[in-house]
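Comments concern the structure below.
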Amino acid sequence: MIKIGIAEDNDFLAESIKEKLALFGNAVNYKFRGNNGRSLLTKLEEDSNVDLILMDIEMPLMNGIEATELVKANYPQIKVIMLTVFDEEENIF
């Protein structure tokens with residue numbers, strides 16, 4: 001079972017992701033959602049038993065790039081997949 005956290009500020013997108021993850025049944029365990037990088041890090045301090053974080057890039061207070069740097073420094077075992085609606089290469093890279 002893969003334990004997943006989500007960092008997404010858009011409520012609609014976060015719920016959509018959560019619904020899609022539910023389609024995997026027992027193979028995926030949704031743990032929590034942070035609505036920005038700071039809240040994600042707070043959730044990880046409470047429970048870092050997560051395998052993967054689906055991380056939005058553009059969020060208020062702390063964006064996904066900054067949050068990913070801190071996640072990798074403090075929880076190197078956690079994998080991060082970046083999510084974005086940007087389609088311009090300069091924003092993505």
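To be explicit about the labels: the chains of the structure tokens are called A, B, and onward in the order shown, and within each one the residues are counted from 1, while ligands get numbers from 1 in the order they are shown.
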Near stretch 19-28 of chain A, within 12 Å and counting only C-alpha atoms, which residues show up once chain neighbours fewer than 6 positions away are dropped, as a PyMOL selection string? chain A and resi 1-6+12-13+50-52+54
Give me a file of those residues, with C-alpha atoms, as a PDB file, in the first residue's frame.
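After the write, result-v9.pdb holds the following:
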ATOM      1  CA  MET A   1       0.000   0.000   0.000  1.00  0.00           C
ATOM      2  CA  ILE A   2       1.260   3.448  -0.978  1.00  0.00           C
ATOM      3  CA  LYS A   3       0.607   6.179   1.601  1.00  0.00           C
ATOM      4  CA  ILE A   4      -0.022   9.532  -0.094  1.00  0.00           C
ATOM      5  CA  GLY A   5      -0.205  13.146   1.035  1.00  0.00           C
ATOM      6  CA  ILE A   6      -1.417  16.008  -1.131  1.00  0.00           C
ATOM      7  CA  PHE A  12     -11.865  21.369  -6.155  1.00  0.00           C
ATOM      8  CA  LEU A  13      -8.610  19.930  -7.529  1.00  0.00           C
ATOM      9  CA  VAL A  50       4.061   8.877   3.964  1.00  0.00           C
ATOM     10  CA  ASP A  51       5.578   7.334   0.835  1.00  0.00           C
ATOM     11  CA  LEU A  52       4.612   9.976  -1.714  1.00  0.00           C
ATOM     12  CA  LEU A  54       1.562  15.015  -4.806  1.00  0.00           C
TER      13      LEU A  54
END
Can you list, as a ChimeraX atom specification, every residue of chain A that DSSP puts in alpha helix (DSSP H)? /A:11-22,37-46,64-74,89-92
When distances are computed from only C-alpha atoms, which of A:Ile57, A:Ala73, A:Ile17, A:Ala7 shows the smallest separation from A:Thr42?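 Once distances to A:Thr42 are computed over only C-alpha atoms, the minimum belongs to A:Ala7.
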So how far away is atom CA of A:Glu8 from atom CA of A:Met59, in Å?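 Atom CA of A:Glu8 lies 7.1 Å from atom CA of A:Met59.
Nearest residue to A:Ile53, choosing from A:Asn10, A:Asn35, A:Thr68, A:Asn74 and counting only C-alpha atoms: A:Thr68.
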Apply DSSP to the backbone of this structure and, from stretch 4-84 of chain A, keep only the residues in strand (DSSP E); write these as a ChimeraX atom specification. /A:4-7,28-34,52-56,79-83
Next, write the just-selected residues to a file, as a compact mmCIF listing (two decimals), in the first residue's frame, keeping N, CA and C atoms as the atom set.
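Just written: again_14.txt:
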# COMPACT_ATOMS: atom_id res chain seq x y z
N ILE A 4 -0.16 8.30 0.68
CA ILE A 4 -0.02 9.53 -0.09
C ILE A 4 -0.54 10.75 0.66
N GLY A 5 0.23 11.84 0.57
CA GLY A 5 -0.20 13.15 1.04
C GLY A 5 -0.33 14.06 -0.16
N ILE A 6 -1.18 15.06 -0.05
CA ILE A 6 -1.42 16.01 -1.13
C ILE A 6 -1.13 17.42 -0.62
N ALA A 7 -0.46 18.21 -1.44
CA ALA A 7 -0.29 19.64 -1.19
C ALA A 7 -0.95 20.37 -2.35
N VAL A 28 -3.79 2.19 -2.41
CA VAL A 28 -3.42 3.56 -2.08
C VAL A 28 -4.14 3.98 -0.80
N ASN A 29 -3.40 4.61 0.09
CA ASN A 29 -3.98 5.13 1.33
C ASN A 29 -3.75 6.64 1.36
N TYR A 30 -4.84 7.41 1.20
CA TYR A 30 -4.77 8.87 1.31
C TYR A 30 -4.59 9.22 2.78
N LYS A 31 -3.52 9.94 3.12
CA LYS A 31 -3.22 10.27 4.51
C LYS A 31 -3.74 11.65 4.91
N PHE A 32 -3.38 12.69 4.13
CA PHE A 32 -3.77 14.04 4.48
C PHE A 32 -3.53 14.99 3.33
N ARG A 33 -4.04 16.21 3.52
CA ARG A 33 -3.83 17.28 2.55
C ARG A 33 -3.39 18.55 3.27
N GLY A 34 -2.40 19.20 2.72
CA GLY A 34 -2.04 20.54 3.15
C GLY A 34 -2.49 21.50 2.07
N LEU A 52 4.65 9.11 -0.54
CA LEU A 52 4.61 9.98 -1.71
C LEU A 52 3.78 11.22 -1.42
N ILE A 53 4.24 12.36 -1.94
CA ILE A 53 3.46 13.59 -1.86
C ILE A 53 3.20 14.08 -3.28
N LEU A 54 1.94 14.37 -3.56
CA LEU A 54 1.56 15.01 -4.81
C LEU A 54 1.55 16.51 -4.51
N MET A 55 2.51 17.23 -5.07
CA MET A 55 2.79 18.61 -4.67
C MET A 55 2.46 19.61 -5.77
N ASP A 56 1.53 20.51 -5.48
CA ASP A 56 1.24 21.62 -6.38
C ASP A 56 2.45 22.56 -6.37
N LYS A 79 8.98 10.43 -1.53
CA LYS A 79 9.05 10.83 -2.94
C LYS A 79 8.06 11.96 -3.17
N VAL A 80 8.37 12.83 -4.13
CA VAL A 80 7.50 13.97 -4.45
C VAL A 80 7.25 13.98 -5.95
N ILE A 81 5.99 14.10 -6.30
CA ILE A 81 5.59 14.31 -7.70
C ILE A 81 4.97 15.70 -7.77
N MET A 82 5.51 16.52 -8.65
CA MET A 82 5.02 17.89 -8.78
C MET A 82 3.80 17.92 -9.69
N LEU A 83 2.81 18.72 -9.29
CA LEU A 83 1.59 18.92 -10.07
C LEU A 83 1.54 20.38 -10.51
If you count only C-alpha atoms, which residues fall within 9 Å of A:Pro60, apart from same-chain ones fewer than 5 positions away, as an MDAnalysis selection string? chainID A and resid 9 35:37
Go ahead and write the selection's residues with C-alpha atoms as a compact mmCIF listing (two decimals), in the first residue's frame.
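This went into selection27.txt:
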# COMPACT_ATOMS: atom_id res chain seq x y z
CA ASP A 9 -4.50 24.97 -2.45
CA ASN A 35 -3.50 23.59 1.41
CA ASN A 36 -0.05 25.17 1.12
CA GLY A 37 3.57 24.20 1.70
I need the residue nearest A:Val71 from this list: A:Glu45, A:Asp11, A:Glu58, A:Lys18. Use only C-alpha atoms for the distance. A:Glu45
For A:Arg38, the nearest of the candidates A:Gln77, A:Asn63, A:Ser16, A:Thr84, counting only C-alpha atoms: A:Asn63
Given only C-alpha atoms as the basis, pick out the residue of A:Ile78, A:Ile65, A:Leu70, A:Ala14 nearest to A:Asn49.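 For A:Asn49, the nearest of the given residues is A:Ile78.
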